[in-house]
Each structure stands twice: as C-alpha cells, then as structure tokens.
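protein21.cif (mmCIF, C-alpha atoms) appears below.
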data_target
loop_
_atom_site.label_atom_id
_atom_site.label_comp_id
_atom_site.auth_asym_id
_atom_site.auth_seq_id
_atom_site.Cartn_x
_atom_site.Cartn_y
_atom_site.Cartn_z
CA MET A 8 90.59 115.51 95.82
CA VAL A 9 89.81 112.40 93.78
CA ARG A 10 86.36 110.90 94.35
CA VAL A 11 86.62 107.09 94.26
CA GLY A 12 83.74 104.62 94.14
CA ILE A 13 84.21 100.89 94.66
CA THR A 14 81.62 98.32 93.62
CA GLY A 15 82.02 95.14 95.64
CA LYS A 16 83.57 97.01 98.58
CA SER A 17 82.40 94.33 101.02
CA GLY A 18 84.21 91.56 99.13
CA PHE A 19 87.72 90.30 99.81
CA ILE A 20 89.70 92.68 97.59
CA GLY A 21 87.13 95.45 97.99
CA TYR A 22 87.38 95.43 101.78
CA HIS A 23 91.17 95.77 101.78
CA LEU A 24 91.09 98.40 99.02
CA TYR A 25 88.39 100.45 100.76
CA GLN A 26 90.22 100.43 104.10
CA THR A 27 93.54 101.40 102.49
CA ILE A 28 92.19 104.22 100.32
CA ASN A 29 90.42 105.56 103.41
CA LEU A 30 93.86 106.19 104.94
CA PHE A 31 94.66 108.83 102.28
CA LYS A 32 92.00 111.34 103.33
CA GLU A 33 93.84 114.31 101.82
CA GLU A 34 94.08 112.61 98.42
CA PHE A 35 90.89 110.54 98.05
CA THR A 36 87.23 110.79 98.99
CA LEU A 37 85.28 107.53 99.01
CA VAL A 38 81.86 107.55 97.36
CA GLU A 39 79.59 105.03 99.06
CA PHE A 40 78.09 102.19 97.05
CA GLU A 41 75.62 99.42 97.89
CA LYS A 42 75.07 96.42 95.64
CA TYR A 43 71.35 97.13 95.21
CA TYR A 44 72.35 100.29 93.29
CA PHE A 45 72.94 98.04 90.26
CA TYR A 46 69.18 97.48 90.08
CA GLU A 47 67.98 101.03 90.86
CA GLN A 48 68.69 103.36 87.94
CA LEU A 49 68.56 106.65 89.88
CA LYS A 50 70.87 105.34 92.60
CA LEU A 51 73.35 103.95 90.07
CA ASP A 52 73.31 107.14 87.98
CA ASP A 53 73.88 109.25 91.09
CA PHE A 54 76.80 107.06 92.13
CA VAL A 55 78.42 107.18 88.68
CA SER A 56 77.95 110.96 88.45
CA SER A 57 79.66 111.41 91.82
CA CYS A 58 82.86 109.52 90.90
CA ASP A 59 86.13 110.56 89.29
CA VAL A 60 87.29 106.93 89.53
CA ILE A 61 85.10 103.81 89.56
CA ILE A 62 86.71 100.52 90.57
CA HIS A 63 84.45 97.66 89.51
CA LEU A 64 85.13 94.64 91.73
CA ALA A 65 81.59 93.32 92.20
CA ALA A 66 81.30 89.82 90.77
CA LEU A 67 80.04 86.33 91.51
CA ASN A 68 82.91 83.84 91.90
CA ARG A 69 81.13 80.59 92.76
CA HIS A 70 77.72 79.08 92.11
CA ASN A 71 76.33 75.58 91.59
CA GLU A 72 75.18 76.66 88.14
CA PRO A 73 78.03 78.20 86.07
CA GLU A 74 75.51 79.93 83.79
CA VAL A 75 74.37 82.02 86.76
CA ILE A 76 77.95 83.22 87.28
CA TYR A 77 78.24 84.28 83.64
CA GLU A 78 74.85 85.98 83.45
CA THR A 79 75.32 87.79 86.78
CA ASN A 80 78.79 89.17 86.06
CA VAL A 81 78.00 90.30 82.52
CA SER A 82 74.71 91.83 83.67
CA LEU A 83 76.46 93.93 86.35
CA VAL A 84 78.85 95.39 83.77
CA LYS A 85 76.02 96.06 81.30
CA ASN A 86 74.11 97.98 83.98
CA LEU A 87 77.25 99.97 84.79
CA VAL A 88 77.85 100.81 81.11
CA LYS A 89 74.25 102.02 80.72
CA ALA A 90 74.74 104.35 83.69
CA LEU A 91 78.02 105.62 82.25
CA GLU A 92 76.26 106.42 78.98
CA ARG A 93 73.19 108.00 80.60
CA THR A 94 75.32 110.31 82.75
CA GLU A 95 77.95 110.93 80.03
CA SER A 96 80.52 110.03 82.66
CA LYS A 97 84.19 110.94 82.23
CA ALA A 98 85.26 108.76 85.16
CA HIS A 99 88.37 106.59 85.04
CA LEU A 100 87.10 103.00 85.07
CA ILE A 101 89.15 100.22 86.66
CA ILE A 102 87.87 96.66 86.34
CA SER A 103 89.32 93.59 88.01
CA SER A 104 89.55 90.65 85.65
CA SER A 105 91.43 87.41 86.08
CA THR A 106 94.12 85.26 84.53
CA GLN A 107 91.26 82.76 84.17
CA GLU A 108 90.09 84.82 81.18
CA GLU A 109 91.71 82.35 78.80
CA ARG A 110 90.17 79.27 80.40
CA GLU A 111 86.99 77.58 79.26
CA SER A 112 85.14 78.25 82.52
CA LEU A 113 82.10 80.51 82.37
CA TYR A 114 83.60 82.54 85.21
CA GLY A 115 86.67 83.27 83.10
CA LYS A 116 84.52 84.07 80.09
CA SER A 117 82.35 86.42 82.15
CA LYS A 118 85.39 88.37 83.33
CA LYS A 119 86.74 88.69 79.78
CA GLU A 120 83.36 89.74 78.40
CA GLY A 121 82.94 92.34 81.16
CA ARG A 122 86.33 93.87 80.42
CA LYS A 123 85.50 93.94 76.69
CA LEU A 124 82.19 95.72 77.32
CA LEU A 125 83.96 98.45 79.28
CA SER A 126 86.70 98.62 76.67
CA ASP A 127 84.09 99.16 73.96
CA TRP A 128 82.50 101.94 76.05
CA ALA A 129 85.88 103.63 76.56
CA LYS A 130 86.72 103.53 72.86
CA LYS A 131 83.30 104.78 71.81
CA LYS A 132 83.06 107.58 74.39
CA ASN A 133 86.76 108.47 74.61
CA GLY A 134 86.80 107.22 78.19
CA ARG A 135 89.61 105.83 80.31
CA LEU A 136 89.79 102.18 81.31
CA SER A 137 92.32 100.11 83.21
CA GLY A 138 91.51 96.44 82.64
CA LEU A 139 93.46 94.56 85.30
CA ILE A 140 94.30 90.90 84.62
CA ILE A 141 94.96 89.60 88.13
CA PRO A 142 96.56 86.31 89.28
CA ASN A 143 95.43 84.31 92.36
CA VAL A 144 94.94 86.69 95.29
CA PHE A 145 95.44 85.62 98.90
CA GLY A 146 95.57 87.35 102.26
CA PRO A 147 93.73 87.82 105.55
CA PHE A 148 89.94 87.53 105.73
CA GLY A 149 89.37 85.84 102.37
CA GLN A 150 86.22 83.73 102.30
CA PRO A 151 86.97 79.97 102.44
CA TYR A 152 85.50 77.81 99.67
CA TYR A 153 85.02 80.99 97.65
CA ASN A 154 87.96 83.37 97.23
CA SER A 155 91.01 81.12 97.06
CA VAL A 156 92.46 77.72 97.90
CA VAL A 157 94.74 79.47 100.42
CA ALA A 158 91.68 80.78 102.30
CA THR A 159 90.10 77.33 102.29
CA PHE A 160 93.27 75.59 103.52
CA CYS A 161 93.81 78.17 106.29
CA TYR A 162 90.23 77.84 107.48
CA GLN A 163 90.34 74.04 107.49
CA ILE A 164 93.74 73.62 109.13
CA ALA A 165 93.07 76.20 111.84
CA ARG A 166 90.03 74.10 112.84
CA GLY A 167 91.82 70.77 112.83
CA GLU A 168 90.37 69.61 109.52
CA TYR A 169 92.30 67.81 106.80
CA PRO A 170 92.43 69.61 103.44
CA LYS A 171 92.37 67.65 100.24
CA ILE A 172 94.43 68.46 97.14
CA ASP A 173 92.55 67.81 93.90
CA VAL A 174 95.28 68.99 91.51
CA ASP A 175 98.80 69.76 92.75
CA GLY A 176 99.51 72.52 90.27
CA ASP A 177 101.67 75.63 90.42
CA LEU A 178 99.91 78.73 91.72
CA LYS A 179 100.90 82.22 90.64
CA LEU A 180 100.06 84.40 93.62
CA ILE A 181 99.80 88.01 94.70
CA TYR A 182 99.20 89.16 98.28
CA VAL A 183 96.09 91.32 98.65
CA GLY A 184 98.11 94.20 100.14
CA GLU A 185 100.40 94.20 97.11
CA LEU A 186 97.41 94.20 94.76
CA VAL A 187 95.85 97.13 96.61
CA GLU A 188 99.10 99.10 96.22
CA LYS A 189 99.08 98.41 92.49
CA ILE A 190 95.46 99.52 92.11
CA ILE A 191 96.17 102.77 93.94
CA GLN A 192 99.17 103.33 91.67
CA VAL A 193 96.92 102.79 88.63
CA ILE A 194 94.63 105.54 89.96
CA ARG A 195 97.53 107.92 90.49
CA ASP A 196 99.02 107.19 87.07
CA ASN A 197 95.64 107.86 85.41
CA ASP A 198 96.30 104.68 83.44
CA ASN A 199 94.44 103.92 80.20
CA THR A 200 95.57 100.35 79.45
CA HIS A 201 92.60 98.18 78.53
CA GLU A 202 94.54 94.96 79.13
CA LEU A 203 96.97 95.46 82.01
CA LEU A 204 98.59 92.27 83.29
CA ILE A 205 99.30 92.41 87.02
CA ALA A 206 102.44 90.35 87.62
CA HIS A 207 102.37 87.68 90.31
CA THR A 208 104.78 88.19 93.20
CA ALA A 209 105.15 84.55 94.29
CA GLU A 210 104.76 81.07 92.87
CA ALA A 211 104.37 77.76 94.69
CA LYS A 212 102.82 74.33 94.30
CA VAL A 213 99.55 73.67 96.12
CA SER A 214 101.24 70.93 98.19
CA GLU A 215 104.03 73.33 99.19
CA ILE A 216 101.52 75.90 100.45
CA LEU A 217 99.65 73.19 102.37
CA ALA A 218 102.87 72.01 104.03
CA LYS A 219 103.73 75.56 105.14
CA LEU A 220 100.28 76.11 106.63
CA LYS A 221 100.43 72.80 108.52
CA TYR A 222 103.82 73.86 109.89
CA PHE A 223 102.29 77.13 111.12
CA GLN A 224 99.53 75.17 112.85
CA ASN A 225 101.97 72.89 114.62
CA SER A 226 104.55 75.50 115.61
CA TYR A 227 102.33 78.51 116.39
CA GLN A 228 98.83 77.29 117.10
CA GLU A 229 99.71 74.04 118.87
CA THR A 230 103.14 74.73 120.41
CA GLY A 231 103.00 78.51 120.85
CA GLU A 232 106.26 79.20 119.03
CA ILE A 233 106.83 81.83 116.34
CA PRO A 234 107.61 79.77 113.21
CA ALA A 235 110.71 80.24 111.09
CA LEU A 236 109.78 82.51 108.18
CA HIS A 237 112.39 82.06 105.48
CA ASN A 238 111.07 84.41 102.81
CA ASP A 239 108.42 86.99 101.94
CA LEU A 240 105.87 84.34 100.94
CA ASP A 241 106.27 82.59 104.31
CA PHE A 242 105.64 85.88 106.12
CA LYS A 243 102.52 86.66 104.12
CA LEU A 244 101.14 83.13 104.40
CA PHE A 245 101.68 83.22 108.17
CA ASN A 246 99.95 86.58 108.41
CA THR A 247 97.08 85.12 106.39
CA TYR A 248 96.88 81.94 108.47
CA ARG A 249 96.60 83.80 111.78
CA SER A 250 93.46 85.61 110.57
CA TYR A 251 91.60 82.28 110.43
CA MET A 252 92.39 81.17 113.96
CA ASP A 253 89.66 81.30 116.60
CA ILE A 254 91.38 84.08 118.53
CA VAL A 255 88.69 84.33 121.22
CA SER A 256 89.23 80.75 122.36
CA TYR A 257 92.98 80.72 121.65
CA PHE A 258 93.97 83.71 123.81
CA PRO A 259 94.86 84.43 126.57
CA LYS A 260 97.65 81.86 126.56
CA LYS A 261 99.58 81.06 129.72
CA PHE A 262 103.34 80.86 129.39
CA ILE A 263 105.13 77.73 130.49
CA GLN A 264 107.83 78.46 133.04
CA HIS A 265 111.10 76.68 132.34
CA ILE A 266 113.55 76.46 135.28
#
Same coordinates, now as structure tokens:
Amino acid sequence: MVRVGITGKSGFIGYHLYQTINLFKEEFTLVEFEKYYFYEQLKLDDFVSSCDVIIHLAALNRHNEPEVIYETNVSLVKNLVKALERTESKAHLIISSSTQEERESLYGKSKKEGRKLLSDWAKKKNGRLSGLIIPNVFGPFGQPYYNSVVATFCYQIARGEYPKIDVDGDLKLIYVGELVEKIIQVIRDNDNTHELLIAHTAEAKVSEILAKLKYFQNSYQETGEIPALHNDLDFKLFNTYRSYMDIVSYFPKKFIQHI
C-alpha cells in the first residue's frame, strides 16, 4: 500500500487527483493534509514522515502584487524541504510546475525556483523527484478568473456575460482527467525525472475555444439540444462547460411536444 499525501488537495488539480486516487483503495492510502501544516513544524513533519509519495500542488496563481505570488510559492517549497531534511524523508516527491517557467512573470519564476529547490534536495539526499512541467489545464470545477481562461469563459457565458479576448493566441491544453492519469502513472513508475515535460493533448486559438463555448450555450443551454461534438476536445470542453451552468435553476426542463 502506497501512502500518498497531496498538498493543495482543495485546489483545481488537487481535487480531481484526490478523488481519483481515492478510487484505488487497494493500491493507495491518502494521507490527509491541511494548508496550515506548512506553518506548524510538528504537523508538517508528521505529514512528511507518513508519506511514501508527496505531490506538491499547493501554490498561489493570482494576486494583485506579483511579488506576493513569488514569495508565497517559494516559501511553501522551502518549508517542505526543511521538513524533508528534518525527518530524513525517503518519499518520492512530485511537484507541479508550469510551461510558464520560461516566461518573465514572477509566477513562472516561482514555479521554476520551487522545482530547483526540490531538485537540489533530491540530489543532495539521494531522493526521488518528478518535476512536472505542465501546459494549460482545463476541466470541470476550475475557478474562474484564477485557474484558466477556459474556466473564466465558461463561467461568463453560462451566465449570459460577454467574454473579452485580450490576446488571441494558441493555447496548448491538457484536460484535468488526462493530467491526473499521467500523475498516477508517474507514481506507479517510481519516476525520478527532475524535469518531466507533460505533453499537451490539444491545441486551439482562444477565439476558437470561445466560439465552441458560445455554440454550447446556444444549442444546449438555450435550445435544449445536445450539440454536435466533432472531436475529443469538443467533448471535453462541453463536459467542462456544463459544470458551470446553474443546474438548480436550469432543471427540471419540460419537453416540447411536437405533433
């Protein structure tokens, strides 16, 4: 039985990962974690000591002051490293970083620095680290204005608002369910790749995604028809969009009788 701890389990990726791992009760045991553990040494040490695998997802994605993002994310990793050293942990560490590592944003720099800190720990202590470089993640229950542009668009359109495109660039995407499968495979493979690029599974322009979501609103939400889903991306975007609808007020829906 592999004991798995997830920091950031209440976040977007963390929620999906936690729920999925919990399905494999004969293979994995989940070690509970609360974010205040980062600031209580005994709690953090006890958590680290209890884990065979630690998946570090906890991070700050957005803030009005970019410096706060950098300081927060780096500080979380530093606290984790200190606990690993105090407990002489032999756990397999998995950290989620981002393809934004190479950008000039302080968020991207914080993710790169965090991965480097854990890489240094692994090299020094002969530990195992999987440093995941992840593209844009989308899927049900993402937080609008925080996790992804897809989440924001879905939230706005489902409520009759009009999204605005700032830059119509190409997005390299991965569905959260696909990412969760890859993380679980990394655990099973006992991977030790400090810079592991997770390949995107779809690519589309921002305007193309917006057009698809508006089509879902018109066909499904307004007209009550199942939309035409031409490919895997359409299916996953539709599944994502439905999670943002106000289901309580939308259903029950009366059928129209045609005679």
Specify as number ranges by chain each residue included when the PyMOL selection byres ((chain A and resi 147) around 6) is applied to this file.
A: 146, 148-149, 247, 250
What separates CA of Phe160 (chain A) and CA of Val75 (chain A) is a distance of 26.1 Å
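Nearest to His99 (chain A) of all the residues A:Glu72, A:Val144, A:Leu136, A:Leu83 is A:Leu136, counting all atoms listed in the file.
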Selection near region 222-233 of chain A, 12 Å with all atoms listed in the file, sequence-local residues under 2 positions removed, as a compact mmCIF listing (two decimals) with C-alpha atoms, in the coordinates of the input:
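The result, stored in out29.txt:
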# COMPACT_ATOMS: atom_id res chain seq x y z
CA PHE A 160 93.27 75.59 103.52
CA CYS A 161 93.81 78.17 106.29
CA TYR A 162 90.23 77.84 107.48
CA GLN A 163 90.34 74.04 107.49
CA ILE A 164 93.74 73.62 109.13
CA ALA A 165 93.07 76.20 111.84
CA ARG A 166 90.03 74.10 112.84
CA GLY A 167 91.82 70.77 112.83
CA GLU A 168 90.37 69.61 109.52
CA TYR A 169 92.30 67.81 106.80
CA GLU A 215 104.03 73.33 99.19
CA ILE A 216 101.52 75.90 100.45
CA LEU A 217 99.65 73.19 102.37
CA ALA A 218 102.87 72.01 104.03
CA LYS A 219 103.73 75.56 105.14
CA LEU A 220 100.28 76.11 106.63
CA ALA A 235 110.71 80.24 111.09
CA LEU A 236 109.78 82.51 108.18
CA ASP A 241 106.27 82.59 104.31
CA PHE A 242 105.64 85.88 106.12
CA LYS A 243 102.52 86.66 104.12
CA LEU A 244 101.14 83.13 104.40
CA PHE A 245 101.68 83.22 108.17
CA ASN A 246 99.95 86.58 108.41
CA THR A 247 97.08 85.12 106.39
CA TYR A 248 96.88 81.94 108.47
CA ARG A 249 96.60 83.80 111.78
CA SER A 250 93.46 85.61 110.57
CA TYR A 251 91.60 82.28 110.43
CA MET A 252 92.39 81.17 113.96
CA ASP A 253 89.66 81.30 116.60
CA ILE A 254 91.38 84.08 118.53
CA SER A 256 89.23 80.75 122.36
CA TYR A 257 92.98 80.72 121.65
CA PHE A 258 93.97 83.71 123.81
CA PRO A 259 94.86 84.43 126.57
CA LYS A 260 97.65 81.86 126.56
CA LYS A 261 99.58 81.06 129.72
CA PHE A 262 103.34 80.86 129.39
CA ILE A 263 105.13 77.73 130.49
Let me know the residues the PyMOL selection byres ((chain A and resi 19) around 9) catches in the file above, as a ChimeraX atom specification.
/A:15-18,20-24,146-150,154,183
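Considering the residues A:Ile191, A:Ala206, A:Ser82, A:Leu67 and counting only C-alpha atoms, Asn29 (chain A) has its shortest atom-to-atom contact with A:Ile191.
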Between CA of Val187 (chain A) and CA of Pro73 (chain A), what is the distance, to one decimal in Å?
28.1 Å
If the PyMOL selection byres ((chain A and resi 125) around 12) is run on the structure shown, which residues does it catch, given as a compact mmCIF listing (two decimals) with C-alpha atoms, in the frame of the given file?
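Final output, out.txt:
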# COMPACT_ATOMS: atom_id res chain seq x y z
CA ILE A 61 85.10 103.81 89.56
CA ILE A 62 86.71 100.52 90.57
CA HIS A 63 84.45 97.66 89.51
CA VAL A 81 78.00 90.30 82.52
CA LEU A 83 76.46 93.93 86.35
CA VAL A 84 78.85 95.39 83.77
CA LYS A 85 76.02 96.06 81.30
CA ASN A 86 74.11 97.98 83.98
CA LEU A 87 77.25 99.97 84.79
CA VAL A 88 77.85 100.81 81.11
CA LYS A 89 74.25 102.02 80.72
CA ALA A 90 74.74 104.35 83.69
CA LEU A 91 78.02 105.62 82.25
CA GLU A 92 76.26 106.42 78.98
CA ALA A 98 85.26 108.76 85.16
CA HIS A 99 88.37 106.59 85.04
CA LEU A 100 87.10 103.00 85.07
CA ILE A 101 89.15 100.22 86.66
CA ILE A 102 87.87 96.66 86.34
CA SER A 103 89.32 93.59 88.01
CA SER A 104 89.55 90.65 85.65
CA LYS A 118 85.39 88.37 83.33
CA LYS A 119 86.74 88.69 79.78
CA GLU A 120 83.36 89.74 78.40
CA GLY A 121 82.94 92.34 81.16
CA ARG A 122 86.33 93.87 80.42
CA LYS A 123 85.50 93.94 76.69
CA LEU A 124 82.19 95.72 77.32
CA SER A 126 86.70 98.62 76.67
CA ASP A 127 84.09 99.16 73.96
CA TRP A 128 82.50 101.94 76.05
CA ALA A 129 85.88 103.63 76.56
CA LYS A 130 86.72 103.53 72.86
CA LYS A 131 83.30 104.78 71.81
CA LYS A 132 83.06 107.58 74.39
CA ASN A 133 86.76 108.47 74.61
CA GLY A 134 86.80 107.22 78.19
CA ARG A 135 89.61 105.83 80.31
CA LEU A 136 89.79 102.18 81.31
CA SER A 137 92.32 100.11 83.21
CA GLY A 138 91.51 96.44 82.64
CA LEU A 139 93.46 94.56 85.30
CA ASN A 199 94.44 103.92 80.20
CA THR A 200 95.57 100.35 79.45
CA HIS A 201 92.60 98.18 78.53
CA GLU A 202 94.54 94.96 79.13
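For the pair CA of Leu30 (chain A) and CA of Asp239 (chain A), the interatomic distance is 24.3 Å.
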Of the candidates A:Arg93, A:Val60, A:Ile140, A:Ser112, which shows the shortest atom-to-atom distance to Asp196 (chain A), using all atoms listed in the file?
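Among the listed residues, the smallest separation from Asp196 (chain A) belongs to A:Val60.
Residue nearest Glu34 (chain A), chosen from A:Phe54, A:Val213, A:Arg69, A:Val9 and counting all atoms listed in the file: A:Val9.
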Specify the axis-aligned box that encloses all atoms of region 130-138 of chain A listed in the file after padding of 8 Å on each side, stating its centre and edge lengths in Å to one decimal as JSON.
{"center_x": 87.7, "center_y": 102.5, "center_z": 77.5, "size_x": 25.3, "size_y": 28.0, "size_z": 27.4}
Residues within 9 Å of Asn143 (chain A), please, as a PyMOL selection string. Count all atoms listed in the file; anything in the same chain fewer than 3 positions from it doesn't count.
chain A and resi 105-106+154-155+178-182+207
